[in-house]
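As structure tokens, the structure follows; a few thoughts come after it.
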Protein chains: 2
Amino acid sequence: MTFMRIGEKPEIARLPLFRDMDDAMRERIFSGSFLQVFPPQLTLFEVGQRADFLHVLVDGAVELYAAGGGRDTTMRIVEPVTSYILAAVINDMPYLMSARTLASSRILLVPAALMREVIKQDTALMQATMHELALGYRDLVRALTDMKLRQSAERLGHYLLEYSARHGENWEFELSGEKRVLASLLGMTPENLSRAFSTLKGHGVSTSGSKIRIEDRIALSAFSRPDPVPADQR
Amino acid sequence: MTFMRIGEKPEIARLPLFRDMDDAMRERIFSGSFLQVFPPQLTLFEVGQRADFLHVLVDGAVELYAAGGGRDTTMRIVEPVTSYILAAVINDMPYLMSARTLASSRILLVPAALMREVIKQDTALMQATMHELALGYRDLVRALTDMKLRQSAERLGHYLLEYSARHGENWEFELSGEKRVLASLLGMTPENLSRAFSTLKGHGVSTSGSKIRIEDRIALSAFSRPDPVPADQR
DNA sequence: GGGTCTGCTTGATATACATCAATTCAATAG
DNA sequence: CTATTGAATTGATGTATATCAAGCAGACCC
């Protein structure tokens, strides 16, 4: 694999997507792929483009967003190490979202045709892909119900709880990116995000800048009404 | 297969999900499944239940909905002949949505364990499942951007255009179900749906009861800003 | 240090949409 | 045919969120 450093290959190989497949096949995928570094704020691809690569974010941060009617909306913030736009690659269809780096990022680019070819030959990879897509599907079901059933401050509260749970149950943490991106992800304006934060002050959350402290998990949970089904185990 | 009539087996076998698989394997799935008739307004399953069956709606109509904070919201209206809740079955996880019949419905119930077992043995079925999930994923991406970027009347306009395209490019058609369900699917109240319809009168849509006529496709399209990527071919 | 960014916050106002309440309409039963 | 019921519509009002407009604070620069 071009530009690949020691130490990151095992990290990628350990991903659920590539973990169970045949070693030789995995090597074939890796040797046909490129690991590239991109500067921050760079557009990686645009809506409508034919999916040419499966992306695996190794380091940095990537934003997936959709445009329409002059406005942008963030669909997902990808954290390392994770693959994205798998669905478009599988079906050989145009991207429904655009992508840009939020920070300087190292990304593994797997040619879509290669990915599709190896999937056909390696059942374990196909099965892992299927599982990955099913999990992604469920994430989106959650995101859609979130938008339809919760109002903005509740969405923020729910996001903070999920974020904390995903990052080692820390009650105290720092928001990684800009708040404007978070606002867009949560489907609100930056102004409204500010107000949502001050609403949450009355429900067990204290903030200072981008530092968040969940002081009363119970109260926050009661306020933001957690999903009836807990988050999927990965 | 229990209760199965002549004529519907080929219809199900022709579904993209089951089309390409081995005939004997397909027969194994079918013979382990049940075709049942359910009355209207019956709850088929609830959020949080472990996925025990893959459903294939053969005839009738089914609503998938999610609850939260006292309210309900329609996530999807399933039309025959289509499978649903595939993702939960694949991953052996609890349903994220509840389901109820909107009309008297004939549904094929495929035991989830059987489905998962045969998938492991039949690569063609696995591949078809993978494709189906990827398509479903893309549908949800569209639904989420729709909610985040369009306002209510635009969503209705967009829905009418898509509906017309999916049902043989008819400019004139009748809405199948109750409007309250459509309102919930589109993320608005029934009252607001009424107002949205009258807004669309000024953009090339005329209605009378549940009869819809798209008189000016161009105008409606301009108003509701179609997706940058046209709907996936199935 | 002062200045100039840029992003975040705060306040005032506008707007989309929900809610509440009444009325109309359509389907059905007697 | 009229009476009854539930859904759809219409109108009046309330609320969540967006928009517009300042102000404020931390980062970077000279």
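Chains: A, B, ... in order of the structure tokens. Residues: from 1 per chain. Ligands: from 1, in order shown.
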
Helix (DSSP H, G or I) positions in region 15-129 of chain B, given as a PyMOL selection string: chain B and resi 16-19+23-31+86-91+112-121+123-129

Closest-contact table, chain B side, partner chain D, 10 Å, counting only C-alpha atoms (C1' of nucleotides), as CSV:
residue,atom,partner,partner_atom,distance
B:Glu178,CA,D:DA7,C1',8.5
B:Lys179,CA,D:DA8,C1',8.2
B:Arg180,CA,D:DA7,C1',8.7
B:Pro190,CA,D:DA8,C1',8.2
B:Glu191,CA,D:DT9,C1',7.5
B:Leu193,CA,D:DA8,C1',9.9
B:Ser194,CA,D:DT9,C1',6.7
B:Arg195,CA,D:DT9,C1',8.7
B:Gly209,CA,D:DA8,C1',8.6

Quick one: write out the picked residues with N, CA, C and O atoms as a PDB file, in the first residue's frame?
ATOM      1  N   GLU B 178     -55.031   7.151   4.692  1.00  0.00           N
ATOM      2  CA  GLU B 178     -55.575   8.354   5.310  1.00  0.00           C
ATOM      3  C   GLU B 178     -54.543   9.471   5.275  1.00  0.00           C
ATOM      4  O   GLU B 178     -53.342   9.228   5.300  1.00  0.00           O
ATOM      5  N   LYS B 179     -55.043  10.675   5.244  1.00  0.00           N
ATOM      6  CA  LYS B 179     -54.131  11.811   5.168  1.00  0.00           C
ATOM      7  C   LYS B 179     -53.372  12.022   6.467  1.00  0.00           C
ATOM      8  O   LYS B 179     -52.262  12.539   6.480  1.00  0.00           O
ATOM      9  N   ARG B 180     -53.972  11.637   7.559  1.00  0.00           N
ATOM     10  CA  ARG B 180     -53.273  11.787   8.838  1.00  0.00           C
ATOM     11  C   ARG B 180     -51.969  10.987   8.869  1.00  0.00           C
ATOM     12  O   ARG B 180     -50.969  11.412   9.434  1.00  0.00           O
ATOM     13  N   PRO B 190     -51.820  16.905  10.641  1.00  0.00           N
ATOM     14  CA  PRO B 190     -52.854  16.840   9.608  1.00  0.00           C
ATOM     15  C   PRO B 190     -53.327  18.237   9.184  1.00  0.00           C
ATOM     16  O   PRO B 190     -53.522  18.498   7.994  1.00  0.00           O
ATOM     17  N   GLU B 191     -53.480  19.113  10.152  1.00  0.00           N
ATOM     18  CA  GLU B 191     -53.905  20.482   9.833  1.00  0.00           C
ATOM     19  C   GLU B 191     -52.941  21.134   8.856  1.00  0.00           C
ATOM     20  O   GLU B 191     -53.328  21.774   7.879  1.00  0.00           O
ATOM     21  N   LEU B 193     -50.912  19.642   6.848  1.00  0.00           N
ATOM     22  CA  LEU B 193     -50.947  18.987   5.540  1.00  0.00           C
ATOM     23  C   LEU B 193     -52.012  19.638   4.662  1.00  0.00           C
ATOM     24  O   LEU B 193     -51.779  19.910   3.477  1.00  0.00           O
ATOM     25  N   SER B 194     -53.162  19.883   5.246  1.00  0.00           N
ATOM     26  CA  SER B 194     -54.221  20.587   4.516  1.00  0.00           C
ATOM     27  C   SER B 194     -53.711  21.907   3.954  1.00  0.00           C
ATOM     28  O   SER B 194     -53.875  22.217   2.775  1.00  0.00           O
ATOM     29  N   ARG B 195     -53.075  22.662   4.804  1.00  0.00           N
ATOM     30  CA  ARG B 195     -52.565  23.969   4.369  1.00  0.00           C
ATOM     31  C   ARG B 195     -51.484  23.804   3.314  1.00  0.00           C
ATOM     32  O   ARG B 195     -51.389  24.592   2.372  1.00  0.00           O
ATOM     33  N   GLY B 209     -60.537  16.075  -2.684  1.00  0.00           N
ATOM     34  CA  GLY B 209     -60.525  14.946  -1.757  1.00  0.00           C
ATOM     35  C   GLY B 209     -59.151  14.306  -1.774  1.00  0.00           C
ATOM     36  O   GLY B 209     -58.148  14.988  -1.595  1.00  0.00           O
TER      37      GLY B 209
END

Can you list every residue of chain C that has an atom at most 12 Å from chain A, with its nearest atom pair and the distance in Å to one decimal, using only C-alpha atoms (C1' of nucleotides), ordered by chain then number, as a Markdown table?
| residue | atom | partner | partner_atom | distance |
| --- | --- | --- | --- | --- |
| C:DT6 | C1' | A:Glu178 | CA | 11.5 |
| C:DG7 | C1' | A:Glu178 | CA | 8.4 |
| C:DC8 | C1' | A:Ser194 | CA | 7.9 |
| C:DT9 | C1' | A:Ser194 | CA | 6.8 |
| C:DT10 | C1' | A:Glu191 | CA | 9.0 |
| C:DG11 | C1' | A:Glu191 | CA | 11.2 |

Neighbours of chain A in chain B at 7 Å, counting only C-alpha atoms, as number ranges by chain: B: 48, 66, 68, 87, 91, 96, 130-131, 133-134, 137, 140, 144-145, 148-149, 187, 228-229

Using only C-alpha atoms (C1' of nucleotides), determine which residues lie at most 12 Å from Gly32 (chain B), disregarding the query and same-chain residues fewer than 4 positions distant; provide the list as a CSV table (one decimal) with all heavy atoms, in the first residue's frame.
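Saved as around.csv:
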chain,number,residue,atom,x,y,z
B,1,MET,N,-45.3,-24.2,2.2
B,1,MET,CA,-45.6,-23.0,3.0
B,1,MET,C,-47.1,-23.0,3.4
B,1,MET,O,-48.0,-23.3,2.6
B,1,MET,CB,-45.3,-21.8,2.2
B,1,MET,CG,-45.4,-20.5,2.9
B,1,MET,SD,-45.2,-19.1,1.8
B,1,MET,CE,-44.0,-19.7,0.7
B,2,THR,N,-47.4,-22.7,4.6
B,2,THR,CA,-48.7,-22.7,5.1
B,2,THR,C,-49.6,-21.6,4.4
B,2,THR,O,-49.1,-20.5,4.2
B,2,THR,CB,-48.7,-22.4,6.6
B,2,THR,OG1,-47.5,-22.8,7.1
B,2,THR,CG2,-49.9,-23.2,7.3
B,4,MET,N,-50.4,-20.9,1.6
B,4,MET,CA,-50.0,-20.1,0.4
B,4,MET,C,-50.9,-20.5,-0.8
B,4,MET,O,-51.1,-21.6,-1.1
B,4,MET,CB,-48.5,-20.4,0.1
B,4,MET,CG,-48.0,-19.6,-1.0
B,4,MET,SD,-46.2,-19.4,-0.9
B,4,MET,CE,-46.0,-17.7,-0.9
B,25,MET,N,-32.6,-23.6,-2.1
B,25,MET,CA,-32.5,-22.8,-0.9
B,25,MET,C,-33.8,-21.9,-0.7
B,25,MET,O,-34.3,-21.8,0.4
B,25,MET,CB,-31.3,-21.9,-1.0
B,25,MET,CG,-30.0,-22.6,-0.8
B,25,MET,SD,-29.8,-23.2,0.9
B,25,MET,CE,-28.1,-23.8,0.8
B,26,ARG,N,-34.2,-21.4,-1.8
B,26,ARG,CA,-35.4,-20.6,-1.8
B,26,ARG,C,-36.6,-21.4,-1.3
B,26,ARG,O,-37.4,-20.9,-0.4
B,26,ARG,CB,-35.7,-20.0,-3.1
B,26,ARG,CG,-36.8,-18.9,-3.1
B,26,ARG,CD,-37.3,-18.5,-4.4
B,26,ARG,NE,-36.3,-17.9,-5.2
B,26,ARG,CZ,-35.9,-18.5,-6.4
B,26,ARG,NH1,-36.5,-19.6,-6.8
B,26,ARG,NH2,-34.9,-18.0,-7.1
B,27,GLU,N,-36.7,-22.6,-1.8
B,27,GLU,CA,-37.8,-23.5,-1.4
B,27,GLU,C,-37.7,-23.8,0.1
B,27,GLU,O,-38.7,-23.8,0.8
B,27,GLU,CB,-37.7,-24.8,-2.2
B,27,GLU,CG,-39.0,-25.6,-2.2
B,27,GLU,CD,-40.2,-24.7,-2.4
B,27,GLU,OE1,-40.3,-23.9,-3.4
B,27,GLU,OE2,-41.1,-24.7,-1.5
B,28,ARG,N,-36.5,-23.9,0.6
B,28,ARG,CA,-36.3,-24.1,2.0
B,28,ARG,C,-36.8,-22.9,2.9
B,28,ARG,O,-37.4,-23.1,3.9
B,28,ARG,CB,-34.8,-24.3,2.3
B,28,ARG,CG,-34.5,-24.9,3.6
B,28,ARG,CD,-33.1,-25.4,3.8
B,28,ARG,NE,-32.7,-25.2,5.2
B,28,ARG,CZ,-31.6,-24.8,5.7
B,28,ARG,NH1,-30.6,-24.5,4.8
B,28,ARG,NH2,-31.4,-24.7,7.0
B,53,PHE,N,-39.1,-12.4,13.0
B,53,PHE,CA,-39.4,-12.7,11.6
B,53,PHE,C,-39.0,-11.6,10.7
B,53,PHE,O,-39.1,-10.4,11.0
B,53,PHE,CB,-41.0,-12.9,11.5
B,53,PHE,CG,-41.5,-14.1,12.2
B,53,PHE,CD1,-42.1,-14.0,13.4
B,53,PHE,CD2,-41.3,-15.3,11.6
B,53,PHE,CE1,-42.6,-15.1,14.0
B,53,PHE,CE2,-41.8,-16.5,12.3
B,53,PHE,CZ,-42.5,-16.4,13.5
B,54,LEU,N,-38.6,-12.0,9.5
B,54,LEU,CA,-38.5,-11.0,8.4
B,54,LEU,C,-39.9,-11.0,7.8
B,54,LEU,O,-40.5,-12.0,7.6
B,54,LEU,CB,-37.5,-11.5,7.3
B,54,LEU,CG,-37.5,-10.7,6.0
B,54,LEU,CD1,-37.0,-9.3,6.3
B,54,LEU,CD2,-36.7,-11.4,5.0
B,108,LEU,N,-46.0,-12.5,4.5
B,108,LEU,CA,-45.1,-13.7,4.6
B,108,LEU,C,-44.2,-13.5,5.8
B,108,LEU,O,-43.4,-12.5,5.8
B,108,LEU,CB,-44.4,-14.0,3.3
B,108,LEU,CG,-43.4,-15.2,3.3
B,108,LEU,CD1,-44.2,-16.5,3.3
B,108,LEU,CD2,-42.4,-15.1,2.2
B,109,LEU,N,-44.2,-14.4,6.7
B,109,LEU,CA,-43.3,-14.3,7.9
B,109,LEU,C,-42.2,-15.4,7.8
B,109,LEU,O,-42.4,-16.6,7.8
B,109,LEU,CB,-44.1,-14.6,9.1
B,109,LEU,CG,-45.3,-13.6,9.4
B,109,LEU,CD1,-46.2,-14.1,10.5
B,109,LEU,CD2,-44.8,-12.2,9.7
B,110,VAL,N,-41.0,-14.9,7.6
B,110,VAL,CA,-39.8,-15.7,7.5
B,110,VAL,C,-39.1,-15.7,8.8
B,110,VAL,O,-38.7,-14.7,9.2
B,110,VAL,CB,-38.9,-15.2,6.4
B,110,VAL,CG1,-37.7,-16.2,6.2
B,110,VAL,CG2,-39.6,-15.1,5.0
B,111,PRO,N,-39.0,-16.8,9.5
B,111,PRO,CA,-38.3,-16.9,10.8
B,111,PRO,C,-36.9,-16.3,10.6
B,111,PRO,O,-36.1,-16.6,9.7
B,111,PRO,CB,-38.2,-18.4,11.1
B,111,PRO,CG,-39.4,-19.0,10.4
B,111,PRO,CD,-39.5,-18.2,9.1
B,112,ALA,N,-36.6,-15.4,11.5
B,112,ALA,CA,-35.3,-14.6,11.4
B,112,ALA,C,-34.1,-15.6,11.4
B,112,ALA,O,-33.1,-15.4,10.7
B,112,ALA,CB,-35.2,-13.6,12.5
B,113,ALA,N,-34.2,-16.6,12.3
B,113,ALA,CA,-33.0,-17.5,12.4
B,113,ALA,C,-32.8,-18.3,11.1
B,113,ALA,O,-31.7,-18.4,10.7
B,113,ALA,CB,-33.3,-18.5,13.6
B,114,LEU,N,-33.9,-18.7,10.5
B,114,LEU,CA,-33.8,-19.4,9.2
B,114,LEU,C,-33.2,-18.5,8.2
B,114,LEU,O,-32.3,-18.9,7.4
B,114,LEU,CB,-35.2,-19.8,8.8
B,114,LEU,CG,-35.4,-20.4,7.4
B,114,LEU,CD1,-34.6,-21.7,7.3
B,114,LEU,CD2,-36.8,-20.7,7.1
B,115,MET,N,-33.7,-17.2,8.1
B,115,MET,CA,-33.2,-16.3,7.2
B,115,MET,C,-31.7,-16.1,7.3
B,115,MET,O,-30.9,-16.2,6.4
B,115,MET,CB,-33.9,-14.9,7.4
B,115,MET,CG,-33.5,-13.9,6.3
B,115,MET,SD,-34.3,-14.2,4.7
B,115,MET,CE,-33.5,-13.0,3.7
B,117,GLU,N,-29.6,-18.1,8.7
B,117,GLU,CA,-28.9,-19.4,8.4
B,117,GLU,C,-28.7,-19.6,6.9
B,117,GLU,O,-27.6,-19.9,6.4
B,117,GLU,CB,-29.7,-20.6,9.0
B,117,GLU,CG,-28.8,-21.8,9.0
B,117,GLU,CD,-29.8,-23.0,9.2
B,117,GLU,OE1,-30.8,-22.9,10.0
B,117,GLU,OE2,-29.5,-24.1,8.5
B,118,VAL,N,-29.8,-19.4,6.1
B,118,VAL,CA,-29.7,-19.6,4.7
B,118,VAL,C,-28.8,-18.5,4.0
B,118,VAL,O,-28.1,-18.8,3.1
B,118,VAL,CB,-31.1,-19.5,4.1
B,118,VAL,CG1,-31.0,-19.7,2.5
B,118,VAL,CG2,-32.0,-20.7,4.6

Nearby residues (only C-alpha atoms (C1' of nucleotides)) at most 8 Å from Gln41 (chain A), same-chain spacing under 6 positions excluded, as a ChimeraX atom specification: /A:100-103

Using only all heavy atoms, please write the residues we just selected to a file, as a PDB file, in the first residue's frame.
ATOM      1  N   ARG A 100     -16.051  16.587   3.278  1.00  0.00           N
ATOM      2  CA  ARG A 100     -14.877  17.451   3.404  1.00  0.00           C
ATOM      3  C   ARG A 100     -14.150  17.142   4.708  1.00  0.00           C
ATOM      4  O   ARG A 100     -14.767  16.684   5.673  1.00  0.00           O
ATOM      5  CB  ARG A 100     -15.257  18.930   3.333  1.00  0.00           C
ATOM      6  CG  ARG A 100     -16.014  19.428   4.535  1.00  0.00           C
ATOM      7  CD  ARG A 100     -16.319  20.932   4.441  1.00  0.00           C
ATOM      8  NE  ARG A 100     -17.643  21.231   4.992  1.00  0.00           N
ATOM      9  CZ  ARG A 100     -18.610  21.871   4.331  1.00  0.00           C
ATOM     10  NH1 ARG A 100     -18.414  22.303   3.121  1.00  0.00           N
ATOM     11  NH2 ARG A 100     -19.781  22.096   4.903  1.00  0.00           N
ATOM     12  N   THR A 101     -12.862  17.396   4.699  1.00  0.00           N
ATOM     13  CA  THR A 101     -12.090  17.194   5.919  1.00  0.00           C
ATOM     14  C   THR A 101     -12.351  18.356   6.863  1.00  0.00           C
ATOM     15  O   THR A 101     -12.468  19.507   6.446  1.00  0.00           O
ATOM     16  CB  THR A 101     -10.595  17.143   5.610  1.00  0.00           C
ATOM     17  OG1 THR A 101     -10.248  18.321   4.865  1.00  0.00           O
ATOM     18  CG2 THR A 101     -10.237  15.925   4.783  1.00  0.00           C
ATOM     19  N   LEU A 102     -12.446  18.043   8.156  1.00  0.00           N
ATOM     20  CA  LEU A 102     -12.581  19.100   9.160  1.00  0.00           C
ATOM     21  C   LEU A 102     -11.210  19.429   9.733  1.00  0.00           C
ATOM     22  O   LEU A 102     -10.948  20.543  10.172  1.00  0.00           O
ATOM     23  CB  LEU A 102     -13.528  18.648  10.272  1.00  0.00           C
ATOM     24  CG  LEU A 102     -14.993  18.516   9.858  1.00  0.00           C
ATOM     25  CD1 LEU A 102     -15.818  17.915  10.981  1.00  0.00           C
ATOM     26  CD2 LEU A 102     -15.545  19.878   9.451  1.00  0.00           C
ATOM     27  N   ALA A 103     -10.353  18.421   9.742  1.00  0.00           N
ATOM     28  CA  ALA A 103      -8.981  18.592  10.220  1.00  0.00           C
ATOM     29  C   ALA A 103      -8.071  17.901   9.210  1.00  0.00           C
ATOM     30  O   ALA A 103      -8.555  17.244   8.287  1.00  0.00           O
ATOM     31  CB  ALA A 103      -8.833  17.941  11.596  1.00  0.00           C
TER      32      ALA A 103
END

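Going from CA of Ser210 (chain B) to CA of Glu172 (chain B) covers 10.8 Å.
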
Picked from region 6-232 of chain A by DSSP as strand (DSSP E or B), as a ChimeraX atom specification: /A:34-38,43-45,50,53-59,62-68,71-78,82-84,94,98-101,105-111,172-174,205-208,211-214

Counting only C-alpha atoms, the residue of A:Val205, A:Ala231, A:Ile214, A:Ile107 that sits nearest Asn170 (chain A): A:Ile214

d(CA of Glu162 (chain A), CA of Lys201 (chain A)) in Å: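 Going from CA of Glu162 (chain A) over to CA of Lys201 (chain A), I get 17.7 Å.
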
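Atom to atom, CA of Ser198 (chain B) and CA of Ser221 (chain B) stand 16.2 Å apart.
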